[in-house]
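Shown next: run06.txt, containing compact mmCIF, C-alpha atoms.
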```
# COMPACT_ATOMS: atom_id res chain seq x y z
CA MET A 1 110.37 116.74 96.62
CA LYS A 2 108.64 115.96 99.88
CA ILE A 3 106.59 112.91 100.89
CA ILE A 4 105.02 112.31 104.27
CA ILE A 5 103.18 109.06 104.90
CA SER A 6 100.53 109.05 107.58
CA ASN A 7 99.23 105.85 109.10
CA GLN A 8 96.19 107.67 110.39
CA SER A 9 95.13 108.82 106.93
CA GLU A 10 91.97 107.49 105.33
CA LEU A 11 93.84 107.34 102.04
CA PRO A 12 95.84 104.22 101.21
CA ILE A 13 99.60 104.81 101.06
CA TYR A 14 99.85 104.71 97.26
CA ALA A 15 97.18 107.41 97.06
CA GLN A 16 98.98 109.56 99.63
CA ILE A 17 102.15 109.42 97.54
CA ARG A 18 100.21 110.11 94.34
CA GLU A 19 98.35 113.10 95.77
CA GLN A 20 101.46 114.65 97.32
CA LEU A 21 103.44 114.32 94.10
CA LYS A 22 100.53 115.71 92.11
CA GLU A 23 100.27 118.73 94.37
CA GLN A 24 103.97 119.46 94.06
CA ILE A 25 103.85 119.10 90.28
CA LEU A 26 100.85 121.45 90.08
CA ASN A 27 102.38 124.14 92.28
CA GLY A 28 105.71 123.92 90.46
CA GLN A 29 107.81 122.58 93.33
CA ILE A 30 108.60 119.65 91.07
CA PRO A 31 109.21 121.39 87.73
CA GLU A 32 108.25 120.16 84.29
CA GLY A 33 110.96 118.02 82.72
CA SER A 34 112.49 116.88 86.00
CA THR A 35 113.05 113.21 86.69
CA LEU A 36 111.39 111.51 89.63
CA PRO A 37 113.36 108.98 91.68
CA SER A 38 112.96 105.40 90.42
CA ILE A 39 110.12 103.31 91.82
CA ARG A 40 112.57 101.20 93.83
CA GLN A 41 114.55 104.19 95.06
CA LEU A 42 111.39 105.89 96.29
CA ALA A 43 110.14 102.69 97.97
CA LYS A 44 113.36 102.41 99.90
CA GLU A 45 113.54 106.07 100.87
CA VAL A 46 109.94 106.25 102.07
CA GLY A 47 110.04 102.73 103.56
CA VAL A 48 107.07 101.31 101.67
CA SER A 49 106.69 98.35 99.34
CA VAL A 50 107.65 98.46 95.66
CA ILE A 51 104.10 97.58 94.65
CA THR A 52 102.86 100.66 96.50
CA THR A 53 105.17 103.10 94.70
CA THR A 54 104.53 101.33 91.38
CA ARG A 55 100.83 101.97 91.78
CA ALA A 56 101.36 105.64 92.67
CA TYR A 57 103.49 106.16 89.56
CA SER A 58 101.16 104.30 87.22
CA ASP A 59 98.25 106.41 88.47
CA LEU A 60 100.24 109.59 87.81
CA GLU A 61 101.10 108.26 84.38
CA ALA A 62 97.47 107.44 83.59
CA GLU A 63 96.43 110.93 84.70
CA GLY A 64 99.03 112.47 82.40
CA PHE A 65 101.34 114.00 85.01
CA ILE A 66 104.40 111.91 84.26
CA ALA A 67 105.69 109.65 81.51
CA SER A 68 108.18 106.85 81.85
CA MET A 69 110.91 107.22 79.29
CA GLN A 70 113.32 104.47 78.38
CA GLY A 71 116.65 105.03 80.06
CA LYS A 72 115.54 108.28 81.70
CA GLY A 73 113.02 107.08 84.23
CA SER A 74 109.81 108.91 85.10
CA VAL A 75 109.75 112.46 83.75
CA VAL A 76 107.33 115.21 84.76
CA LEU A 77 105.19 116.34 81.80
CA PRO A 78 103.98 119.87 81.09
CA ILE A 79 100.74 120.53 82.95
CA ASP A 80 97.75 119.98 80.70
CA ASN A 81 95.18 122.65 81.54
CA SER A 82 92.13 120.86 80.20
CA LEU A 83 93.06 117.84 82.27
CA LEU A 84 93.50 120.05 85.27
CA LYS A 85 90.09 121.61 84.76
CA GLU A 86 88.45 118.24 84.44
CA GLN A 87 90.04 117.10 87.68
CA SER A 88 89.07 120.21 89.59
CA LEU A 89 85.54 119.73 88.33
CA MET A 90 85.57 116.21 89.65
CA ARG A 91 86.75 117.39 93.03
CA ILE A 92 84.05 120.04 93.21
CA GLU A 93 81.39 117.49 92.34
CA GLU A 94 82.72 115.12 94.97
CA GLY A 95 82.61 117.79 97.65
CA LEU A 96 79.11 118.89 96.75
CA THR A 97 77.85 115.32 96.59
CA THR A 98 79.04 114.73 100.15
CA ALA A 99 77.26 117.89 101.27
CA ILE A 100 74.04 116.87 99.56
CA GLU A 101 74.15 113.37 101.02
CA THR A 102 74.69 114.73 104.51
CA ALA A 103 71.81 117.15 104.05
CA ARG A 104 69.52 114.33 102.90
CA THR A 105 70.33 112.05 105.83
CA MET A 106 69.43 115.00 108.08
CA GLY A 107 66.20 115.49 106.16
CA MET A 108 67.16 119.03 105.16
CA SER A 109 65.11 120.66 102.40
CA GLU A 110 66.54 121.79 99.07
CA GLU A 111 65.85 125.43 99.97
CA GLU A 112 67.73 125.20 103.25
CA LEU A 113 70.69 123.63 101.51
CA LEU A 114 70.75 126.26 98.77
CA GLU A 115 70.58 128.92 101.46
CA ILE A 116 73.72 127.54 103.13
CA PHE A 117 75.42 127.34 99.75
CA LYS A 118 74.60 130.97 98.93
CA ASN A 119 75.73 132.18 102.33
CA LEU A 120 79.05 130.42 101.92
CA LEU A 121 79.53 131.90 98.43
CA GLU A 122 79.10 135.40 99.78
CA ARG A 123 81.74 134.97 102.44
CA MET B 1 110.29 87.04 85.85
CA GLU B 2 109.69 84.70 88.77
CA LEU B 3 112.54 84.20 91.20
CA LEU B 4 110.90 81.68 93.49
CA GLU B 5 108.23 79.22 92.40
CA VAL B 6 106.53 76.93 94.88
CA LYS B 7 104.07 74.44 93.36
CA ASN B 8 101.74 72.05 95.20
CA LEU B 9 104.13 71.77 98.09
CA SER B 10 103.01 69.27 100.73
CA LYS B 11 104.79 67.61 103.59
CA HIS B 12 103.33 64.98 105.88
CA TYR B 13 104.39 64.47 109.45
CA LYS B 14 102.69 62.31 112.04
CA ALA B 15 101.03 65.18 113.83
CA PHE B 16 101.09 67.86 111.18
CA ASP B 17 100.41 68.26 107.46
CA LEU B 18 101.56 71.05 105.25
CA GLN B 19 99.04 71.05 102.44
CA ASN B 20 99.32 72.25 98.92
CA ILE B 21 101.28 75.48 99.23
CA ASN B 22 101.36 77.44 95.96
CA PHE B 23 102.94 80.79 95.24
CA THR B 24 105.40 82.66 93.09
CA LEU B 25 107.65 85.52 94.07
CA PRO B 26 108.87 87.74 91.22
CA LYS B 27 112.39 89.15 91.07
CA GLY B 28 112.93 92.24 93.16
CA TYR B 29 110.05 91.78 95.60
CA ILE B 30 109.55 91.00 99.28
CA MET B 31 107.10 88.43 100.65
CA GLY B 32 105.96 88.18 104.24
CA TYR B 33 105.07 84.66 105.37
CA VAL B 34 102.67 84.86 108.29
CA GLY B 35 100.61 82.62 110.55
CA PRO B 36 100.40 81.65 114.22
CA ASN B 37 102.92 79.37 115.94
CA GLY B 38 102.89 75.86 114.52
CA SER B 39 101.09 76.89 111.32
CA GLY B 40 103.82 75.57 109.02
CA LYS B 41 105.86 78.71 108.37
CA SER B 42 109.21 77.23 109.33
CA THR B 43 108.37 73.97 107.60
CA THR B 44 107.79 75.85 104.34
CA LEU B 45 110.92 77.94 104.70
CA ASN B 46 112.97 74.86 105.60
CA LEU B 47 111.69 73.11 102.50
CA ILE B 48 112.74 76.11 100.41
CA THR B 49 116.24 76.08 101.89
CA ASN B 50 116.23 72.28 101.57
CA ILE B 51 117.03 71.83 105.27
CA CYS B 52 114.24 69.30 105.11
CA LYS B 53 113.31 67.46 101.96
CA SER B 54 110.03 67.83 100.17
CA SER B 55 107.68 64.89 100.06
CA GLU B 56 105.47 66.32 97.31
CA GLY B 57 105.57 69.29 95.02
CA GLU B 58 108.18 71.44 93.38
CA ILE B 59 110.37 74.39 94.35
CA ARG B 60 112.45 76.37 91.86
CA ILE B 61 114.77 79.33 92.33
CA ASN B 62 115.52 81.12 89.07
CA GLY B 63 114.17 78.06 87.30
CA ILE B 64 116.57 75.65 89.04
CA SER B 65 115.30 72.90 91.32
CA CYS B 66 117.40 71.35 94.06
CA GLU B 67 117.01 67.92 92.51
CA GLU B 68 118.49 69.11 89.21
CA ASP B 69 121.47 70.97 90.62
CA ALA B 70 121.79 71.12 94.40
CA VAL B 71 124.90 73.32 94.43
CA ALA B 72 123.57 75.93 92.00
CA TYR B 73 120.25 75.93 93.88
CA LYS B 74 121.71 76.38 97.34
CA GLU B 75 124.32 78.95 96.38
CA GLN B 76 121.49 81.31 95.49
CA ILE B 77 120.07 81.20 99.02
CA GLY B 78 121.00 83.22 102.07
CA TYR B 79 119.31 81.89 105.22
CA ILE B 80 118.92 83.45 108.65
CA GLY B 81 116.83 81.80 111.36
CA ASP B 82 116.18 82.83 114.93
CA GLU B 83 119.01 80.66 116.21
CA PHE B 84 122.66 81.47 115.78
CA TYR B 85 124.35 78.82 113.67
CA PHE B 86 128.05 79.36 114.34
CA PRO B 87 129.72 77.67 117.32
CA ASP B 88 129.83 79.80 120.48
CA THR B 89 133.58 79.56 120.85
CA PHE B 90 134.17 81.03 117.37
CA LYS B 91 135.51 84.52 116.88
CA VAL B 92 134.82 86.67 113.83
CA LYS B 93 138.10 85.60 112.22
CA ASN B 94 137.09 81.90 112.43
CA ILE B 95 133.79 82.66 110.76
CA ARG B 96 135.53 84.64 108.04
CA ARG B 97 137.78 81.65 107.30
CA VAL B 98 134.87 79.20 107.16
CA LEU B 99 132.87 81.41 104.80
CA LYS B 100 135.89 81.93 102.57
CA ASN B 101 136.44 78.20 102.26
CA PHE B 102 132.80 77.30 101.76
CA TYR B 103 131.44 79.92 99.43
CA PRO B 104 133.08 80.87 96.12
CA THR B 105 131.22 84.19 95.97
CA PHE B 106 132.13 85.29 99.52
CA SER B 107 133.67 88.78 99.54
CA GLU B 108 136.01 89.48 102.44
CA GLU B 109 135.88 93.16 101.63
CA LYS B 110 132.09 93.33 101.93
CA PHE B 111 132.17 91.25 105.12
CA ASP B 112 134.70 93.59 106.77
CA GLY B 113 132.66 96.55 105.58
CA TYR B 114 129.61 95.27 107.49
CA LEU B 115 131.72 94.45 110.58
CA ASN B 116 132.97 98.02 110.67
CA LYS B 117 129.58 99.52 110.01
CA TRP B 118 127.93 97.56 112.83
CA LYS B 119 130.98 97.73 115.14
CA LEU B 120 131.25 93.96 115.59
CA PRO B 121 134.39 93.10 117.55
CA GLU B 122 136.96 90.89 115.81
CA LYS B 123 138.49 89.33 118.91
CA LYS B 124 135.54 88.57 121.20
CA PRO B 125 134.20 85.02 121.23
CA ILE B 126 130.65 84.85 119.86
CA LYS B 127 129.27 83.72 123.22
CA ASP B 128 129.95 87.23 124.54
CA PHE B 129 127.94 88.84 121.74
CA SER B 130 124.49 90.26 122.44
CA ARG B 131 121.50 88.83 120.57
CA GLY B 132 121.52 91.88 118.32
CA MET B 133 125.22 91.51 117.54
CA LYS B 134 124.75 87.85 116.66
CA VAL B 135 121.92 88.67 114.27
CA MET B 136 123.96 91.39 112.62
CA LEU B 137 126.88 88.97 112.27
CA MET B 138 124.59 86.51 110.49
CA PHE B 139 123.42 89.30 108.19
CA ALA B 140 127.04 90.27 107.50
CA SER B 141 127.94 86.69 106.59
CA VAL B 142 124.93 86.25 104.31
CA LEU B 143 125.08 89.65 102.60
CA SER B 144 128.76 89.32 101.73
CA ARG B 145 127.90 86.46 99.37
CA ASP B 146 126.25 86.79 95.98
CA THR B 147 122.82 85.37 96.76
CA LYS B 148 119.49 85.79 94.95
CA LEU B 149 117.00 84.84 97.64
CA LEU B 150 117.07 85.76 101.30
CA VAL B 151 115.09 83.40 103.51
CA LEU B 152 114.52 84.86 106.96
CA ASP B 153 112.76 82.79 109.60
CA GLU B 154 111.90 85.01 112.56
CA ALA B 155 115.31 86.62 112.11
CA THR B 156 114.29 89.91 113.74
CA ASN B 157 113.00 88.27 116.96
CA GLY B 158 114.36 89.86 120.09
CA LEU B 159 115.77 92.90 118.31
CA ASP B 160 115.02 96.42 119.41
CA PRO B 161 113.03 98.73 117.10
CA VAL B 162 116.15 100.61 115.97
CA MET B 163 117.82 97.43 114.77
CA ARG B 164 114.65 96.11 113.19
CA THR B 165 114.33 99.32 111.23
CA GLU B 166 117.92 98.98 110.10
CA ILE B 167 117.25 95.42 108.93
CA LEU B 168 114.14 96.47 107.02
CA GLU B 169 116.27 99.03 105.20
CA LEU B 170 118.84 96.34 104.45
CA LEU B 171 116.15 94.15 102.91
CA GLN B 172 114.92 96.98 100.72
CA GLU B 173 118.48 97.64 99.61
CA TYR B 174 118.87 93.93 98.85
CA VAL B 175 115.96 93.90 96.38
CA MET B 176 116.82 97.33 94.97
CA ASP B 177 118.44 96.13 91.72
CA GLY B 178 115.29 94.18 90.84
CA GLU B 179 117.17 90.87 90.57
CA ARG B 180 116.89 89.57 94.12
CA SER B 181 114.00 88.73 96.42
CA VAL B 182 113.27 88.17 100.09
CA ILE B 183 110.85 85.84 101.84
CA PHE B 184 110.53 86.34 105.58
CA SER B 185 108.41 85.17 108.46
CA THR B 186 107.92 87.30 111.54
CA HIS B 187 105.62 87.75 114.50
CA ILE B 188 106.07 91.48 114.36
CA LEU B 189 103.61 92.16 111.64
CA SER B 190 104.16 95.90 111.67
CA ASP B 191 107.49 95.11 110.01
CA LEU B 192 105.56 93.57 107.13
CA GLU B 193 103.06 96.38 107.08
CA GLN B 194 105.80 98.64 105.82
CA ILE B 195 107.92 96.83 103.28
CA ALA B 196 106.28 93.56 102.21
CA ASP B 197 104.94 93.48 98.65
CA TYR B 198 103.11 90.19 99.10
CA ILE B 199 101.61 88.40 102.08
CA TYR B 200 101.17 84.65 102.33
CA PHE B 201 99.10 83.66 105.33
CA ILE B 202 98.91 80.03 106.48
CA HIS B 203 97.14 78.38 109.38
CA GLN B 204 97.30 74.70 110.36
CA GLY B 205 99.32 73.92 107.27
CA ARG B 206 96.77 75.39 104.86
CA THR B 207 96.69 78.57 102.86
CA VAL B 208 94.32 81.20 104.27
CA LEU B 209 95.16 84.25 102.17
CA TYR B 210 97.73 85.10 99.53
CA ASP B 211 97.76 88.50 97.87
CA ALA B 212 99.63 91.75 97.35
CA LYS B 213 99.74 93.45 100.75
CA ASP B 214 98.06 96.63 99.51
CA GLU B 215 95.17 94.63 98.04
CA LEU B 216 94.79 92.62 101.20
CA ILE B 217 94.45 95.71 103.36
CA GLU B 218 92.06 97.37 100.94
CA ASN B 219 89.92 94.28 100.61
CA TYR B 220 88.79 94.37 104.24
CA LEU B 221 87.27 96.75 106.73
CA LEU B 222 87.51 96.44 110.49
CA ILE B 223 84.00 96.86 111.88
CA LYS B 224 83.07 97.80 115.42
CA GLY B 225 79.61 98.21 116.85
CA GLU B 226 76.77 96.71 118.83
CA ARG B 227 75.79 93.11 118.27
CA SER B 228 72.07 93.95 118.25
CA ALA B 229 72.51 96.24 115.23
CA VAL B 230 73.78 93.39 113.02
CA SER B 231 71.26 92.31 110.39
CA GLY B 232 71.01 88.70 109.29
CA GLU B 233 72.46 89.56 105.92
CA LEU B 234 75.43 91.37 107.44
CA LYS B 235 76.04 88.57 109.93
CA LYS B 236 76.73 86.12 107.09
CA GLU B 237 79.51 88.34 105.74
CA LEU B 238 81.33 89.09 109.01
CA ILE B 239 84.65 87.31 109.50
CA GLY B 240 85.89 86.33 112.96
CA VAL B 241 83.48 88.13 115.27
CA ILE B 242 85.10 88.92 118.62
CA ASP B 243 82.66 89.97 121.33
CA ASN B 244 83.28 91.99 124.42
CA ALA B 245 80.90 93.25 127.09
CA TYR B 246 80.00 96.39 125.17
CA GLY B 247 80.15 95.44 121.53
CA PHE B 248 81.94 93.42 118.88
CA GLU B 249 84.75 93.69 116.38
CA ALA B 250 84.97 91.78 113.08
CA LEU B 251 86.30 91.94 109.54
CA LEU B 252 84.08 92.63 106.58
CA PRO B 253 85.01 92.35 102.90
CA SER B 254 85.16 95.95 101.62
CA ASP B 255 82.73 95.22 98.78
CA LYS B 256 80.06 94.45 101.39
CA ALA B 257 80.34 97.90 102.99
CA GLY B 258 76.90 98.70 101.58
CA LEU B 259 75.32 96.50 104.25
CA LEU B 260 76.64 98.68 107.05
CA GLY B 261 74.47 101.74 107.36
CA SER B 262 75.38 104.31 109.98
CA ASP B 263 75.29 102.09 113.10
CA PHE B 264 78.88 100.91 112.85
CA HIS B 265 82.33 102.31 113.14
CA TYR B 266 84.73 101.08 110.50
CA GLU B 267 88.39 101.58 109.66
CA LYS B 268 91.29 100.15 107.64
CA PRO B 269 92.57 96.97 109.30
CA ASN B 270 96.25 96.19 109.71
CA ILE B 271 97.77 92.80 108.93
CA ASP B 272 97.66 91.79 112.63
CA GLN B 273 93.93 92.35 112.77
CA ILE B 274 93.31 90.46 109.52
CA VAL B 275 95.28 87.49 110.87
CA VAL B 276 93.58 87.53 114.29
CA HIS B 277 90.04 87.67 112.89
CA TYR B 278 90.68 84.99 110.27
CA ILE B 279 92.06 82.64 112.92
CA LYS B 280 89.14 83.40 115.20
CA ASP B 281 86.86 82.57 112.30
CA GLY B 282 88.50 79.19 111.85
CA ARG B 283 88.06 79.12 108.08
```

Show the structure stored in the file as structure tokens.
Amino acid sequence: MKIIISNQSELPIYAQIREQLKEQILNGQIPEGSTLPSIRQLAKEVGVSVITTTRAYSDLEAEGFIASMQGKGSVVLPIDNSLLKEQSLMRIEEGLTTAIETARTMGMSEEELLEIFKNLLER
Amino acid sequence: MELLEVKNLSKHYKAFDLQNINFTLPKGYIMGYVGPNGSGKSTTLNLITNICKSSEGEIRINGISCEEDAVAYKEQIGYIGDEFYFPDTFKVKNIRRVLKNFYPTFSEEKFDGYLNKWKLPEKKPIKDFSRGMKVMLMFASVLSRDTKLLVLDEATNGLDPVMRTEILELLQEYVMDGERSVIFSTHILSDLEQIADYIYFIHQGRTVLYDAKDELIENYLLIKGERSAVSGELKKELIGVIDNAYGFEALLPSDKAGLLGSDFHYEKPNIDQIVVHYIKDGR
């Protein structure tokens, strides 16, 4: 498990921890069934507040990546593919929305934008 | 479970009033107590440690007030200020003896463990200790007792960054079991930026802000730009505008970001900047 906190990042610290753990769960570096360090342990190791790590874990729990089990701590759950798909979809939409907004502020036409999109797809 | 409860705490002096301080600190968390010089930080902390007596209000540690049971109340507290409180002529062995006689929960073994770890000399008189060594000696004497609340009043003043980092780790270790808490005041707000769970900010004896640190930082944006670009509506929302020859800097509540448009630069503020702009604002 690897966590790097950046003070320059746009993301708040809890979100940085959440995203890094998520990535490592998804690519298998943190395998299904393994136990994450306790909230307090992690806070101390990374040098952040307990509230920050609590929030990162509760987000991961809400998104179905981990579950807190009595006496065992936070355990990594099997990756749910439908959940994964839904999240990727969200990310794609987010990215495209940013592109569209930028295009609009520049006054770019729909055709021009589609043209860029097509060109990029063919790369 | 709350470890420290402070209710309607007020204290009146001739030239200064501490007014209506209210907060709770749950078990296992760290609170940073911030404000400029003379804002009432030490007064509050001294009321908590009962160095000075409260004129109004209530303070409880683990449900116990000092009026009900002064011994049980005080035994839960470990206090470190920015002044060294053992006589200069003392050596470590004298301090060990005093602590042993005064505190039933004092552990000689733990104390000697810290002395070894921080290489504090047994035979030198305290007056020959550096500032850093004195602070570490105070930490050793406090941490070798079974306390529930650490009260630190500018304890890390004058320490180098390496030592400060070591102390921050100590504090996190202290709260690790979820049964003990820390309240500390400091001028070096980057210390708080890292480990504090809650921030209590006072100015001129009154509460300015009190929130979880993460919330506090997310609730504001630091705005920079040209004064002429500020609309009337935006102007009303800006907190603590500081002008310079080429532009201004101010805080803006994050939920008002919609008023900004593309004319301004904005970023996440740190605690220092929140404090500075609120004081400039004078609210």

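Nearest residue to Ser9 in chain A among B:Glu267, B:Glu56, B:Asp112, B:Glu68 is B:Glu267, counting only C-alpha atoms.
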
Contact table chain A vs chain B, cut-off 8 Å, shortest pair per residue, all atoms listed in the file, as a Markdown table:
```
| residue | atom | partner | partner_atom | distance |
| --- | --- | --- | --- | --- |
| A:Glu10 | CA | B:Lys268 | CA | 7.7 |
| A:Pro12 | CA | B:Glu218 | CA | 7.8 |
| A:Arg40 | CA | B:Met176 | CA | 5.9 |
| A:Gln41 | CA | B:Met176 | CA | 7.2 |
| A:Ala43 | CA | B:Gln172 | CA | 7.9 |
| A:Lys44 | CA | B:Gln172 | CA | 5.7 |
| A:Gly47 | CA | B:Ile195 | CA | 6.3 |
| A:Val48 | CA | B:Ile195 | CA | 4.8 |
| A:Ser49 | CA | B:Ile195 | CA | 4.4 |
| A:Val50 | CA | B:Asp197 | CA | 6.4 |
| A:Ile51 | CA | B:Asp197 | CA | 5.8 |
| A:Thr52 | CA | B:Asp214 | CA | 7.0 |
```

Write the selection just made, keeping C-alpha atoms, as an mmCIF file, keeping the file's coordinate frame?
```cif
data_model
loop_
_atom_site.group_PDB
_atom_site.id
_atom_site.type_symbol
_atom_site.label_atom_id
_atom_site.label_comp_id
_atom_site.auth_asym_id
_atom_site.auth_seq_id
_atom_site.Cartn_x
_atom_site.Cartn_y
_atom_site.Cartn_z
ATOM 1 C CA GLU A 10 91.970 107.490 105.330
ATOM 2 C CA PRO A 12 95.840 104.220 101.210
ATOM 3 C CA ARG A 40 112.570 101.200 93.830
ATOM 4 C CA GLN A 41 114.550 104.190 95.060
ATOM 5 C CA ALA A 43 110.140 102.690 97.970
ATOM 6 C CA LYS A 44 113.360 102.410 99.900
ATOM 7 C CA GLY A 47 110.040 102.730 103.560
ATOM 8 C CA VAL A 48 107.070 101.310 101.670
ATOM 9 C CA SER A 49 106.690 98.350 99.340
ATOM 10 C CA VAL A 50 107.650 98.460 95.660
ATOM 11 C CA ILE A 51 104.100 97.580 94.650
ATOM 12 C CA THR A 52 102.860 100.660 96.500
#
```

One decimal, in Å: what's the spacing between CA of Cys66 in chain B and CA of Ile51 in chain B? 11.2 Å

Env of Arg96 in chain B: 12 Å cut, atoms = only C-alpha atoms, seq-sep filter 2 positions within chain, self excluded. Answer as a PyMOL selection string. chain B and resi 86+90-94+98-103+106-112+115+122+137-138+140-142+144-145

Would you kindly return, as an MDAnalysis selection string, each protein, DNA or RNA residue with an atom no farther than 9 Å from any atom of range 251-265 of chain B, considering all atoms listed in the file and excluding same-chain residues fewer than 3 positions away? chainID B and resid 218:226 229:231 233:234 237:241 269 273:274 277:278

One decimal, in Å: what's the spacing between CA of Ala72 in chain B and CA of Ile59 in chain B? 13.5 Å

Up to 8 Å from (120.9, 85.7, 100.9) in the file's coordinates: name the residues, counting only C-alpha atoms, as JSON, numbers by chain. {"B": [76, 77, 78, 79, 142, 143, 145, 146, 147, 148, 149, 150, 151]}

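The list of residues with at least one atom within 6 Å of range 87-89 of chain B, based on all atoms listed in the file and without residues fewer than 2 positions apart in the same chain, reads B:Pro125, B:Ile126, B:Lys127.
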
Could you pull the residues within 9 Å of Ile242 in chain B, counting all atoms listed in the file, minus those fewer than 6 positions along the same chain, as an MDAnalysis selection string? chainID B and resid 248:250 277 280

Same residues, C-alpha atoms, saved as a compact mmCIF listing (two decimals), keeping the file's coordinate frame:
```
# COMPACT_ATOMS: atom_id res chain seq x y z
CA PHE B 248 81.94 93.42 118.88
CA GLU B 249 84.75 93.69 116.38
CA ALA B 250 84.97 91.78 113.08
CA HIS B 277 90.04 87.67 112.89
CA LYS B 280 89.14 83.40 115.20
```

Need to verify the contact set: Ser58 in chain A, 12 Å, only C-alpha atoms, exclusion of same-chain residues closer than 3 positions in sequence. Can you return it as a VMD selection string? chain A and resid 14 to 15 17 to 18 39 51 to 55 61 to 68 74

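Coordinates place CA of Ala56 in chain A at a distance of 19.8 Å from CA of Glu86 in chain A.
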